[in-house]
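Undergrad: Here's a structure for you.
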Amino acid sequence: MRPVERKEIVDYVTYEEGRESFRDEVMNAKAARRAHLGDYLTLLFENHLTVLYQIQEMIRAERIVKEADIVREIETYNELLGGAGELGCTLLIEIDDPAIRNEKLVKWRRLPEELYVELENGDWIRASFDERQRGDDRLSSVQYLKFNTGAMVPVAVGIELPDLQARTVLSEAQRRALQEDLAEA
(Lines give C-alpha, C1' and ligand atoms only; values in the text may rest on other atoms or scores of the structure.)
Protein backbone atom coordinates (compact mmCIF):
# COMPACT_ATOMS: atom_id res chain seq x y z
CA MET A 1 0.00 0.00 0.00
CA ARG A 2 1.26 3.43 -0.90
CA PRO A 3 2.42 5.26 2.24
CA VAL A 4 1.50 8.85 3.01
CA GLU A 5 4.23 11.26 1.98
CA ARG A 6 5.19 14.55 3.62
CA LYS A 7 4.15 16.55 0.55
CA GLU A 8 0.53 15.43 1.06
CA ILE A 9 0.28 16.97 4.53
CA VAL A 10 -1.03 20.50 4.90
CA ASP A 11 -0.84 22.77 7.92
CA TYR A 12 -3.75 22.52 10.36
CA VAL A 13 -5.25 25.90 9.34
CA THR A 14 -5.40 24.91 5.66
CA TYR A 15 -6.70 21.48 6.64
CA GLU A 16 -9.48 23.04 8.72
CA GLU A 17 -10.76 24.89 5.64
CA GLY A 18 -11.50 21.68 3.72
CA ARG A 19 -11.94 19.34 6.66
CA GLU A 20 -15.69 18.80 6.42
CA SER A 21 -15.74 17.54 2.83
CA PHE A 22 -12.54 15.53 3.34
CA ARG A 23 -14.03 13.96 6.46
CA ASP A 24 -17.15 12.92 4.52
CA GLU A 25 -14.97 11.22 1.91
CA VAL A 26 -12.97 9.39 4.58
CA MET A 27 -16.07 8.27 6.52
CA ASN A 28 -17.43 6.72 3.31
CA ALA A 29 -14.12 4.95 2.74
CA LYS A 30 -14.07 3.69 6.34
CA ALA A 31 -17.65 2.41 6.11
CA ALA A 32 -16.62 0.13 3.24
CA ARG A 33 -13.62 -1.11 5.23
CA ARG A 34 -15.28 -1.70 8.62
CA ALA A 35 -16.32 -5.18 9.71
CA HIS A 36 -18.02 -6.03 13.00
CA LEU A 37 -17.12 -9.37 14.49
CA GLY A 38 -19.34 -10.64 17.27
CA ASP A 39 -20.60 -8.26 19.94
CA TYR A 40 -17.34 -6.55 20.85
CA LEU A 41 -14.91 -6.46 17.95
CA THR A 42 -14.65 -4.02 15.06
CA LEU A 43 -11.99 -4.30 12.39
CA LEU A 44 -11.16 -1.27 10.28
CA PHE A 45 -9.00 -2.07 7.28
CA GLU A 46 -6.72 0.90 6.73
CA ASN A 47 -5.67 2.43 3.44
CA HIS A 48 -3.81 5.49 2.21
CA LEU A 49 -6.82 7.77 2.65
CA THR A 50 -7.70 6.62 6.19
CA VAL A 51 -4.10 7.02 7.31
CA LEU A 52 -3.80 10.46 5.69
CA TYR A 53 -6.93 11.45 7.60
CA GLN A 54 -5.51 10.17 10.92
CA ILE A 55 -2.31 12.14 10.41
CA GLN A 56 -4.14 15.35 9.50
CA GLU A 57 -6.50 14.94 12.46
CA MET A 58 -3.57 14.50 14.88
CA ILE A 59 -1.82 17.57 13.47
CA ARG A 60 -5.06 19.52 13.83
CA ALA A 61 -5.93 18.28 17.32
CA GLU A 62 -2.44 18.79 18.72
CA ARG A 63 -1.63 21.90 16.65
CA ILE A 64 1.58 20.29 15.41
CA VAL A 65 3.82 22.62 13.43
CA LYS A 66 7.38 21.39 14.00
CA GLU A 67 8.70 19.51 10.98
CA ALA A 68 10.23 16.70 13.07
CA ASP A 69 6.90 16.15 14.84
CA ILE A 70 4.99 16.05 11.54
CA VAL A 71 7.44 13.51 10.12
CA ARG A 72 7.10 11.40 13.28
CA GLU A 73 3.29 11.35 12.87
CA ILE A 74 3.66 10.27 9.24
CA GLU A 75 6.09 7.49 10.13
CA THR A 76 3.92 6.29 13.03
CA TYR A 77 0.66 6.13 11.10
CA ASN A 78 2.24 4.68 7.95
CA GLU A 79 3.02 1.60 10.08
CA LEU A 80 -0.72 0.84 10.00
CA LEU A 81 -0.59 0.18 6.26
CA GLY A 82 0.05 -3.24 4.85
CA GLY A 83 2.90 -3.93 2.49
CA ALA A 84 2.64 -5.69 -0.87
CA GLY A 85 -0.09 -8.34 -0.71
CA GLU A 86 -0.96 -7.36 2.85
CA LEU A 87 -3.91 -5.63 4.52
CA GLY A 88 -3.33 -3.38 7.53
CA CYS A 89 -6.11 -3.29 10.08
CA THR A 90 -7.04 -1.54 13.31
CA LEU A 91 -8.93 -3.77 15.74
CA LEU A 92 -11.14 -2.06 18.31
CA ILE A 93 -12.30 -4.05 21.32
CA GLU A 94 -15.45 -2.16 22.25
CA ILE A 95 -16.79 -2.98 25.70
CA ASP A 96 -18.49 -0.12 27.53
CA ASP A 97 -18.46 -1.56 31.05
CA PRO A 98 -14.95 -1.00 32.52
CA ALA A 99 -15.10 -4.06 34.79
CA ILE A 100 -16.15 -6.39 31.97
CA ARG A 101 -13.63 -4.76 29.62
CA ASN A 102 -10.77 -5.32 32.08
CA GLU A 103 -11.81 -8.93 32.62
CA LYS A 104 -11.99 -9.62 28.88
CA LEU A 105 -8.69 -7.90 28.08
CA VAL A 106 -7.00 -10.26 30.52
CA LYS A 107 -8.94 -13.33 29.38
CA TRP A 108 -8.53 -12.52 25.67
CA ARG A 109 -4.78 -11.93 25.81
CA ARG A 110 -4.30 -14.39 22.91
CA LEU A 111 -6.95 -12.70 20.75
CA PRO A 112 -4.55 -11.36 18.07
CA GLU A 113 -3.25 -14.87 17.33
CA GLU A 114 -6.76 -16.19 16.91
CA LEU A 115 -8.07 -13.57 14.48
CA TYR A 116 -8.14 -14.52 10.83
CA VAL A 117 -9.34 -13.52 7.41
CA GLU A 118 -10.78 -16.24 5.24
CA LEU A 119 -9.92 -16.39 1.56
CA GLU A 120 -12.19 -17.56 -1.23
CA ASN A 121 -10.38 -20.92 -1.33
CA GLY A 122 -11.18 -21.48 2.36
CA ASP A 123 -7.67 -20.74 3.67
CA TRP A 124 -7.41 -18.82 6.92
CA ILE A 125 -4.73 -16.16 7.18
CA ARG A 126 -3.85 -15.35 10.79
CA ALA A 127 -3.00 -11.82 11.84
CA SER A 128 0.48 -10.61 12.56
CA PHE A 129 0.57 -7.97 15.25
CA ASP A 130 2.72 -5.69 17.37
CA GLU A 131 3.67 -7.39 20.65
CA ARG A 132 4.07 -3.95 22.25
CA GLN A 133 0.28 -3.72 22.41
CA ARG A 134 0.08 -6.65 24.75
CA GLY A 135 1.32 -6.49 28.31
CA ASP A 136 2.38 -9.43 30.42
CA ASP A 137 -1.14 -9.92 31.71
CA ARG A 138 -3.54 -8.13 29.38
CA LEU A 139 -4.27 -6.84 25.93
CA SER A 140 -4.72 -3.25 24.79
CA SER A 141 -8.25 -2.45 23.61
CA VAL A 142 -6.81 -1.18 20.30
CA GLN A 143 -4.66 -3.51 18.21
CA TYR A 144 -2.84 -2.93 14.95
CA LEU A 145 -2.80 -6.02 12.76
CA LYS A 146 -1.67 -7.13 9.35
CA PHE A 147 -2.97 -9.95 7.22
CA ASN A 148 -0.66 -11.20 4.48
CA THR A 149 -3.21 -12.47 1.99
CA GLY A 150 -0.79 -12.69 -0.92
CA ALA A 151 -2.95 -9.99 -2.57
CA MET A 152 -6.00 -12.26 -2.42
CA VAL A 153 -9.20 -10.56 -1.26
CA PRO A 154 -10.75 -11.96 1.93
CA VAL A 155 -14.36 -13.12 1.90
CA ALA A 156 -14.80 -13.26 5.70
CA VAL A 157 -13.18 -12.36 9.02
CA GLY A 158 -13.28 -14.49 12.14
CA ILE A 159 -12.09 -15.17 15.66
CA GLU A 160 -11.52 -18.52 17.35
CA LEU A 161 -11.06 -18.17 21.10
CA PRO A 162 -12.59 -20.69 23.53
CA ASP A 163 -15.19 -18.18 24.75
CA LEU A 164 -15.26 -15.91 21.69
CA GLN A 165 -16.06 -17.45 18.34
CA ALA A 166 -17.50 -15.43 15.52
CA ARG A 167 -17.34 -15.15 11.76
CA THR A 168 -18.54 -12.32 9.54
CA VAL A 169 -18.92 -12.65 5.79
CA LEU A 170 -17.70 -9.53 4.01
CA SER A 171 -20.13 -7.79 1.69
CA GLU A 172 -19.45 -7.27 -1.99
CA ALA A 173 -18.74 -3.57 -1.28
CA GLN A 174 -16.23 -4.50 1.44
CA ARG A 175 -14.48 -7.01 -0.80
CA ARG A 176 -14.33 -4.44 -3.63
CA ALA A 177 -12.78 -1.85 -1.28
CA LEU A 178 -10.15 -4.32 -0.07
CA GLN A 179 -9.41 -5.35 -3.64
CA GLU A 180 -8.75 -1.69 -4.50
CA ASP A 181 -6.44 -1.39 -1.49
CA LEU A 182 -4.49 -4.53 -2.39
CA ALA A 183 -4.12 -3.28 -5.98
CA GLU A 184 -2.65 0.00 -4.72
CA ALA A 185 0.49 -1.68 -3.35
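Ordered as shown in the C-alpha coordinates, chains take letters A, B, and onward, while each chain numbers its residues from 1 and ligands are numbered from 1 in the order shown.
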From a backbone DSSP assignment, name each residue in chain A labelled strand (DSSP E), as an mmCIF file with N, CA and C atoms, in the first residue's frame.
TA:
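And here is the file that came out, result.cif:
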data_model
loop_
_atom_site.group_PDB
_atom_site.id
_atom_site.type_symbol
_atom_site.label_atom_id
_atom_site.label_comp_id
_atom_site.auth_asym_id
_atom_site.auth_seq_id
_atom_site.Cartn_x
_atom_site.Cartn_y
_atom_site.Cartn_z
ATOM 1 N N ARG A 34 -14.994 -1.369 7.213
ATOM 2 C CA ARG A 34 -15.280 -1.700 8.617
ATOM 3 C C ARG A 34 -16.066 -3.008 8.659
ATOM 4 N N ALA A 35 -15.619 -3.908 9.537
ATOM 5 C CA ALA A 35 -16.318 -5.181 9.715
ATOM 6 C C ALA A 35 -16.502 -5.430 11.204
ATOM 7 N N HIS A 36 -17.729 -5.698 11.600
ATOM 8 C CA HIS A 36 -18.023 -6.027 12.999
ATOM 9 C C HIS A 36 -17.942 -7.540 13.149
ATOM 10 N N LEU A 37 -17.342 -7.948 14.239
ATOM 11 C CA LEU A 37 -17.122 -9.366 14.490
ATOM 12 C C LEU A 37 -17.626 -9.678 15.889
ATOM 13 N N LEU A 41 -16.074 -6.730 18.784
ATOM 14 C CA LEU A 41 -14.905 -6.462 17.948
ATOM 15 C C LEU A 41 -15.288 -5.743 16.666
ATOM 16 N N THR A 42 -14.506 -4.713 16.342
ATOM 17 C CA THR A 42 -14.650 -4.021 15.064
ATOM 18 C C THR A 42 -13.281 -3.955 14.410
ATOM 19 N N LEU A 43 -13.214 -4.391 13.172
ATOM 20 C CA LEU A 43 -11.989 -4.301 12.393
ATOM 21 C C LEU A 43 -12.156 -3.191 11.370
ATOM 22 N N LEU A 44 -11.177 -2.320 11.294
ATOM 23 C CA LEU A 44 -11.157 -1.271 10.285
ATOM 24 C C LEU A 44 -9.911 -1.481 9.437
ATOM 25 N N PHE A 45 -10.118 -1.895 8.191
ATOM 26 C CA PHE A 45 -8.997 -2.068 7.284
ATOM 27 C C PHE A 45 -8.554 -0.690 6.828
ATOM 28 N N GLU A 86 -0.612 -7.339 1.428
ATOM 29 C CA GLU A 86 -0.961 -7.358 2.849
ATOM 30 C C GLU A 86 -2.003 -6.285 3.153
ATOM 31 N N LEU A 87 -2.913 -6.603 4.064
ATOM 32 C CA LEU A 87 -3.906 -5.633 4.522
ATOM 33 C C LEU A 87 -3.579 -5.222 5.952
ATOM 34 N N GLY A 88 -3.497 -3.914 6.186
ATOM 35 C CA GLY A 88 -3.326 -3.381 7.531
ATOM 36 C C GLY A 88 -4.696 -3.137 8.139
ATOM 37 N N CYS A 89 -4.793 -3.318 9.436
ATOM 38 C CA CYS A 89 -6.106 -3.286 10.076
ATOM 39 C C CYS A 89 -5.975 -2.773 11.510
ATOM 40 N N THR A 90 -6.923 -1.945 11.918
ATOM 41 C CA THR A 90 -7.036 -1.544 13.312
ATOM 42 C C THR A 90 -8.182 -2.344 13.913
ATOM 43 N N LEU A 91 -7.906 -3.012 15.021
ATOM 44 C CA LEU A 91 -8.925 -3.771 15.737
ATOM 45 C C LEU A 91 -9.318 -2.985 16.976
ATOM 46 N N LEU A 92 -10.607 -2.744 17.129
ATOM 47 C CA LEU A 92 -11.135 -2.061 18.314
ATOM 48 C C LEU A 92 -11.917 -3.075 19.134
ATOM 49 N N ILE A 93 -11.556 -3.202 20.391
ATOM 50 C CA ILE A 93 -12.302 -4.049 21.320
ATOM 51 C C ILE A 93 -13.206 -3.096 22.084
ATOM 52 N N LEU A 115 -7.327 -14.274 15.530
ATOM 53 C CA LEU A 115 -8.066 -13.567 14.477
ATOM 54 C C LEU A 115 -7.601 -14.057 13.112
ATOM 55 N N TYR A 116 -8.514 -14.095 12.169
ATOM 56 C CA TYR A 116 -8.140 -14.520 10.827
ATOM 57 C C TYR A 116 -9.024 -13.838 9.785
ATOM 58 N N VAL A 117 -8.507 -13.807 8.570
ATOM 59 C CA VAL A 117 -9.341 -13.520 7.414
ATOM 60 C C VAL A 117 -9.425 -14.815 6.631
ATOM 61 N N GLU A 118 -10.565 -15.029 6.036
ATOM 62 C CA GLU A 118 -10.784 -16.241 5.244
ATOM 63 C C GLU A 118 -10.773 -15.869 3.774
ATOM 64 N N LEU A 119 -10.005 -16.631 2.997
ATOM 65 C CA LEU A 119 -9.921 -16.389 1.564
ATOM 66 C C LEU A 119 -10.974 -17.219 0.825
ATOM 67 N N TRP A 124 -7.390 -19.839 5.878
ATOM 68 C CA TRP A 124 -7.410 -18.823 6.925
ATOM 69 C C TRP A 124 -6.028 -18.201 7.005
ATOM 70 N N ILE A 125 -5.978 -16.892 7.003
ATOM 71 C CA ILE A 125 -4.729 -16.159 7.180
ATOM 72 C C ILE A 125 -4.793 -15.498 8.549
ATOM 73 N N ARG A 126 -3.905 -15.906 9.433
ATOM 74 C CA ARG A 126 -3.854 -15.345 10.789
ATOM 75 C C ARG A 126 -3.197 -13.969 10.759
ATOM 76 N N SER A 128 -0.773 -10.937 11.883
ATOM 77 C CA SER A 128 0.479 -10.607 12.560
ATOM 78 C C SER A 128 0.194 -9.311 13.312
ATOM 79 N N PHE A 129 0.907 -9.099 14.400
ATOM 80 C CA PHE A 129 0.567 -7.969 15.254
ATOM 81 C C PHE A 129 1.793 -7.483 15.997
ATOM 82 N N VAL A 142 -7.038 -1.509 21.705
ATOM 83 C CA VAL A 142 -6.814 -1.180 20.297
ATOM 84 C C VAL A 142 -5.592 -1.966 19.841
ATOM 85 N N GLN A 143 -5.751 -2.695 18.757
ATOM 86 C CA GLN A 143 -4.664 -3.510 18.215
ATOM 87 C C GLN A 143 -4.440 -3.137 16.761
ATOM 88 N N TYR A 144 -3.187 -3.179 16.338
ATOM 89 C CA TYR A 144 -2.837 -2.930 14.948
ATOM 90 C C TYR A 144 -2.349 -4.242 14.357
ATOM 91 N N LEU A 145 -3.027 -4.693 13.324
ATOM 92 C CA LEU A 145 -2.799 -6.017 12.765
ATOM 93 C C LEU A 145 -2.469 -5.924 11.282
ATOM 94 N N LYS A 146 -1.885 -6.996 10.789
ATOM 95 C CA LYS A 146 -1.669 -7.129 9.349
ATOM 96 C C LYS A 146 -2.029 -8.553 8.953
ATOM 97 N N PHE A 147 -2.615 -8.663 7.775
ATOM 98 C CA PHE A 147 -2.975 -9.954 7.216
ATOM 99 C C PHE A 147 -2.294 -10.076 5.859
ATOM 100 N N ASN A 148 -1.347 -11.003 5.746
ATOM 101 C CA ASN A 148 -0.656 -11.202 4.478
ATOM 102 C C ASN A 148 -1.460 -12.193 3.647
ATOM 103 N N PRO A 154 -10.006 -11.133 0.982
ATOM 104 C CA PRO A 154 -10.750 -11.964 1.935
ATOM 105 C C PRO A 154 -12.251 -11.949 1.640
ATOM 106 N N VAL A 155 -12.908 -13.036 2.029
ATOM 107 C CA VAL A 155 -14.362 -13.119 1.899
ATOM 108 C C VAL A 155 -15.038 -13.074 3.271
ATOM 109 N N ALA A 156 -14.240 -13.268 4.343
ATOM 110 C CA ALA A 156 -14.795 -13.255 5.699
ATOM 111 C C ALA A 156 -13.689 -12.941 6.692
ATOM 112 N N VAL A 157 -14.092 -12.534 7.891
ATOM 113 C CA VAL A 157 -13.184 -12.362 9.022
ATOM 114 C C VAL A 157 -13.720 -13.215 10.162
ATOM 115 N N GLY A 158 -12.812 -13.647 11.040
ATOM 116 C CA GLY A 158 -13.276 -14.485 12.137
ATOM 117 C C GLY A 158 -12.344 -14.473 13.325
ATOM 118 N N ILE A 159 -12.841 -15.022 14.412
ATOM 119 C CA ILE A 159 -12.085 -15.168 15.664
ATOM 120 C C ILE A 159 -12.396 -16.542 16.230
ATOM 121 N N GLU A 160 -11.373 -17.193 16.767
ATOM 122 C CA GLU A 160 -11.522 -18.521 17.348
ATOM 123 C C GLU A 160 -10.842 -18.565 18.712
ATOM 124 N N LEU A 161 -11.499 -18.037 19.711
ATOM 125 C CA LEU A 161 -11.064 -18.173 21.101
ATOM 126 C C LEU A 161 -12.052 -19.109 21.785
ATOM 127 N N LEU A 164 -14.932 -16.949 22.665
ATOM 128 C CA LEU A 164 -15.259 -15.915 21.687
ATOM 129 C C LEU A 164 -15.039 -16.479 20.294
ATOM 130 N N GLN A 165 -16.121 -16.921 19.695
ATOM 131 C CA GLN A 165 -16.056 -17.450 18.343
ATOM 132 C C GLN A 165 -17.084 -16.719 17.500
ATOM 133 N N ALA A 166 -16.609 -16.159 16.408
ATOM 134 C CA ALA A 166 -17.502 -15.425 15.519
ATOM 135 C C ALA A 166 -16.897 -15.407 14.127
ATOM 136 N N ARG A 167 -17.764 -15.254 13.154
ATOM 137 C CA ARG A 167 -17.339 -15.149 11.762
ATOM 138 C C ARG A 167 -18.299 -14.188 11.074
ATOM 139 N N THR A 168 -17.742 -13.279 10.287
ATOM 140 C CA THR A 168 -18.542 -12.316 9.537
ATOM 141 C C THR A 168 -18.162 -12.401 8.067
ATOM 142 N N VAL A 169 -19.141 -12.639 7.236
ATOM 143 C CA VAL A 169 -18.921 -12.646 5.790
ATOM 144 C C VAL A 169 -18.863 -11.190 5.321
#
Undergrad: Mind checking which residues fall within 9 Å of range 63-70 of chain A, counting only C-alpha atoms, ignoring those fewer than 6 positions away in the same chain, and posting them as a short mmCIF file (atom, residue, chain, number, x, y, z; two decimals) with N, CA and C atoms, in the first residue's frame?
TA:
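The resulting part03.cif:
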data_model
loop_
_atom_site.label_atom_id
_atom_site.label_comp_id
_atom_site.auth_asym_id
_atom_site.auth_seq_id
_atom_site.Cartn_x
_atom_site.Cartn_y
_atom_site.Cartn_z
N ARG A 6 5.19 13.23 2.98
CA ARG A 6 5.19 14.55 3.62
C ARG A 6 4.52 15.60 2.75
N ILE A 9 0.75 16.41 3.27
CA ILE A 9 0.28 16.97 4.53
C ILE A 9 0.23 18.49 4.44
N ASP A 11 -0.80 22.22 6.56
CA ASP A 11 -0.84 22.77 7.92
C ASP A 11 -2.28 22.69 8.45
N TYR A 12 -2.43 22.74 9.77
CA TYR A 12 -3.75 22.52 10.36
C TYR A 12 -4.76 23.62 10.01
N ILE A 55 -3.46 11.23 10.24
CA ILE A 55 -2.31 12.14 10.41
C ILE A 55 -2.80 13.58 10.47
#
Undergrad: Pick out the residues sitting within 10 Å of Glu16 in chain A, and hand them over as a list in words; count only C-alpha atoms, and ignore anything fewer than 5 positions along from it in its own chain.
TA: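 Returned residues: Val10, Asp11, Phe22, Gln56, Glu57 and Arg60 of chain A.
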Undergrad: Tell me, in Å to one decimal, how far CA of Asp181 in chain A is from CA of Glu20 in chain A.
TA: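 Going from CA of Asp181 in chain A over to CA of Glu20 in chain A, I get 23.6 Å.
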Undergrad: For CA of Gly85 in chain A and CA of Gln174 in chain A, determine how far apart the two atoms are, in Å to one decimal place.
TA: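 These two atoms are separated by 16.7 Å.
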Undergrad: Identify, with DSSP run on backbone atoms, the residues in range 81-130 of chain A assigned to helix (DSSP H, G or I), and express the list as a PyMOL selection string.
TA: chain A and resi 98-107+111-114
